[in-house]
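J.: Have a look at this one.
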Amino acid sequence: MNEEKKIRVLIAKPGLDGHDRGAKVIALGLRDEGMETIYTGLRQTPETIVQSAIQEDVDVIGLSCLSGAHKYLFPRVVELLKEQEIADILVIGGGIIPKEDIPFLKEKGISEIFVQGTMVGEIADYIREHVRTVGHQSAANS
Amino acid sequence: MSNNIQKIKKKKQEWEEKVLKPALESFGLKESPTKFYTPIDAQGFDFLSKVGFPGEYPFTAGIYAAQPGMPVPRVGRATTQRRSRPEAARLVRAAGYSGYGTAEDTRDYYKELQERGDRGGPNLAFDLPTQCGYDSDNPLIRGDVGKVGVTVDTLRDFEIIYEPFQGETELDRIASNFTINAPANIIIAMYFALAEKRGIPLEKLRATPQNDILKEFVARGTYIFPPGPSMRMFRDSLVFLNEYCPRINITSAGGYHIRGAGATREQDLAFSMAILIAYLQEGVNAGLDVDSFAPRFTINQFGGSMEMFKEIAFHRASRRMYARIVKEKFGAKNERSMLLRGGRMGAHIGCENTTIQRPLNNLTRSVIGAVASALSGGEGTAYPPYDEPLVMGRGLESSQLARDATRIVHYEAKLGTVRDPLAGSYYVESLTDEIEEAAWKELDKIEAMGGAVAAIENGYMQREVAKSAHARQRRIESGEDLMVGVNCFVGEHELELEINHLVPPVYDPVRREQAEEKQIRNLTELKKNRDNRAVAKLLKELKDKANKEDENLIPHFIECAKAYVSEQEMCDVLREVFGEYEPVSL
């Protein structure tokens, strides 16, 4: 029997951007990759995203934004996680993110940014490699 | 005729056996990688009923008898005549989709355009808070103010945006476009209030609001109210514009957002037609004759993919299908009602097919779209500019290249000189039939559910589009669908070409960054200084009126606008009465 707990991913749309093809495709694609995915739907605030992440006990938050508001919204999610002293959730992002913004976002604690043309398989590999398994178990026991 | 078909069938069999098969064997292939179409594939093709003449039912060959196409260019060096002005009284069309930051930022941008000789009316892109019915000072929407368009909270913003449009470009001499859907009636009302203050009668205004709310539930996502009350808002605009504003288009609907969200070609066509049917029905239900309002339905864009012939056939099928619907289903008599009007762009590649990898390839892609456009009845438009996936606010270089590509297709390749040049092609006619038939089948399914509104309320359209997007991604990942530089030809000896911008971005990045803080200050100031007692009274009246299903709310929105009631204040009242849309789960 495979006792391994599936990796849980919250795919979230912060801000008002309604372009969610990417978010949905990744939510469905990571499911194909054997992960459990939850899609928040549109128009989430950083606060509701962090709340859902805690409630759903996820290992990963994937943020998607195509409106140009990523420089405020993505770091805000990381900040809120820090405020709640949550260190075991991997935060990744995607959307229309200009190349010059990526170093800034990484500095702010977003682990990786995946732009258009990324294969879902690559994202899945990245998650499997970087998901904080130790924290993951303790979260499951809490 | 059928005798002839028999002969061709026999000949085809012989060809397959004696010519094709040995050729395939020599390549080691079981199936032919190429197809060949013959009269067998276009049996029963009847020119008059399936194609007809341009500008005549069923409009397959084009909605107009002749297409003036692009203006005759001024020949000679750029410096000689660039600023020569057309005659003053000429109507000036809306400019390119534009707007960012605060009203002041957008005003200054339009001033710059005018200084460069551009006299187009505003084609306003609104920021997401405006599109979703939120004011700039709402803490829940931080980060989005002034990003994808200009922010509009009150009439004050309209007054500022339109400062450069006076005299020669007064409101009755320009056309404006508003990309606005859920709060379209409020934004139109602000424009009416501005016109009233300037003493311009409503019947002289020219504008096109997007006003296509149903597709927002399926793609793009700027909905506010549930589909039912949203349709009441649509009805209000249709009835009001029909009565008072003969030069304002009622809607600029179209399926390209739905395609962009992942829909297949057939879903795009069927869903858009179902949505248009719902809008037409709304007018009929309001007691209007379809011919009184349908001529002012316009089309934004349809379609979008790299498969050139299929997109050409798709546009031919769209024109024919819409004409059939308006004529047969709604009993229209006026041919103008039956035109899928306004889709000047014709076929195109769709923004979702541009790539961030080796972005100059997008220029090649958009030129294929421009050829498709010209062959499908469009203007040979190369769209989008190659830097579409890279930036928000396209570069001037890429816009220049897109315009030049369009010009080259038109003036050098002369693709605009024949109307519907692929009419009668066995391949294209059979494709056109195939696409239309598949769309009818899907449309019948939606109609059986109760139409577009029902198929959105039950989540059918949303789920089908997500499924198709997922399927496409799987095909890309498996290599079944190829994208150059993305999932193929990415070896180490390929050059990852980068691009440079020679000209600074069209929108001032510093102003864009500061817009949110600035607008919050502006709005706070305005809310402090207006007559807040009048505002409260107007909002209370709005609630009473909104509760009466038959009441047309637009006149009251105009009163609210004049008193500087903000967009969110009006929307909040409506949220209370109408409720808010709850999206369906995946």
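Naming works like this for the structure tokens: A, B, ... for the chains as they're shown, residue 1 at the start of each chain, ligands 1 onward in shown order.
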Compute the set of chain A residues within 9 Å of chain B, using only C-alpha atoms, and express it as a VMD selection string.
T.: chain A and resid 15 to 22 24 to 26 28 to 29 39 to 45 67 to 73 96 to 99 115 to 121
J.: Which polymer residues have any atom within 10 Å of an atom of Leu81 of chain A, counting only C-alpha atoms, with same-chain residues fewer than 4 positions away left out, as a ChimeraX atom specification?
T.: /A:46-47,49-51,53-54,75-77,85-89,91
J.: I need the residues of segment 63-138 of chain A that end up classed as helix (DSSP H, G or I) by DSSP on the backbone, written out as an mmCIF file with C-alpha atoms, in the first residue's frame.
T.:
data_model
loop_
_atom_site.group_PDB
_atom_site.id
_atom_site.type_symbol
_atom_site.label_atom_id
_atom_site.label_comp_id
_atom_site.auth_asym_id
_atom_site.auth_seq_id
_atom_site.Cartn_x
_atom_site.Cartn_y
_atom_site.Cartn_z
ATOM 1 C CA HIS A 70 2.190 40.835 -8.869
ATOM 2 C CA LYS A 71 4.777 43.132 -7.320
ATOM 3 C CA TYR A 72 2.370 43.999 -4.547
ATOM 4 C CA LEU A 73 0.283 40.842 -4.321
ATOM 5 C CA PHE A 74 2.883 38.059 -4.389
ATOM 6 C CA PRO A 75 5.166 39.478 -1.674
ATOM 7 C CA ARG A 76 2.115 40.243 0.451
ATOM 8 C CA VAL A 77 1.216 36.540 0.558
ATOM 9 C CA VAL A 78 4.715 35.649 1.745
ATOM 10 C CA GLU A 79 4.583 38.431 4.323
ATOM 11 C CA LEU A 80 1.305 37.140 5.747
ATOM 12 C CA LEU A 81 2.682 33.609 5.949
ATOM 13 C CA LYS A 82 5.640 34.968 7.888
ATOM 14 C CA GLU A 83 3.337 36.888 10.200
ATOM 15 C CA LYS A 99 11.756 39.343 -16.523
ATOM 16 C CA GLU A 100 13.094 42.341 -14.632
ATOM 17 C CA ASP A 101 10.594 41.736 -11.811
ATOM 18 C CA ILE A 102 11.673 38.154 -11.137
ATOM 19 C CA PRO A 103 14.749 38.907 -8.979
ATOM 20 C CA PHE A 104 12.622 41.266 -6.871
ATOM 21 C CA LEU A 105 9.954 38.611 -6.342
ATOM 22 C CA LYS A 106 12.522 35.968 -5.407
ATOM 23 C CA GLU A 107 14.099 38.351 -2.958
ATOM 24 C CA VAL A 120 3.208 21.582 -16.134
ATOM 25 C CA GLY A 121 5.597 18.657 -15.851
ATOM 26 C CA GLU A 122 8.442 21.072 -15.068
ATOM 27 C CA ILE A 123 6.404 22.737 -12.347
ATOM 28 C CA ALA A 124 5.541 19.368 -10.862
ATOM 29 C CA ASP A 125 9.219 18.377 -10.810
ATOM 30 C CA TYR A 126 10.121 21.652 -9.164
ATOM 31 C CA ILE A 127 7.456 21.174 -6.499
ATOM 32 C CA ARG A 128 8.522 17.607 -5.750
ATOM 33 C CA GLU A 129 12.103 18.732 -5.387
ATOM 34 C CA HIS A 130 11.455 21.754 -3.222
ATOM 35 C CA THR A 133 8.719 17.407 3.392
ATOM 36 C CA VAL A 134 9.660 17.731 7.046
ATOM 37 C CA GLY A 135 7.414 20.665 7.616
ATOM 38 C CA HIS A 136 4.812 18.877 5.593
ATOM 39 C CA GLN A 137 4.693 15.969 8.016
ATOM 40 C CA SER A 138 4.550 18.189 11.053
#
J.: I'd like the contact shell of Ile349 of chain B - 6 Å cut-off, only C-alpha atoms, skipping same-chain residues fewer than 5 positions apart - returned as a list in words.
T.: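 After dropping sequence-adjacent residues, the list is Gly304, Ser305, Met306 and Gly369 of chain B.
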J.: Rank nothing, just name the residue among B:Pro201, B:Gly254, B:Ser49, B:Thr208 nearest to Asn123 of chain B, using only C-alpha atoms.
T.: B:Thr208
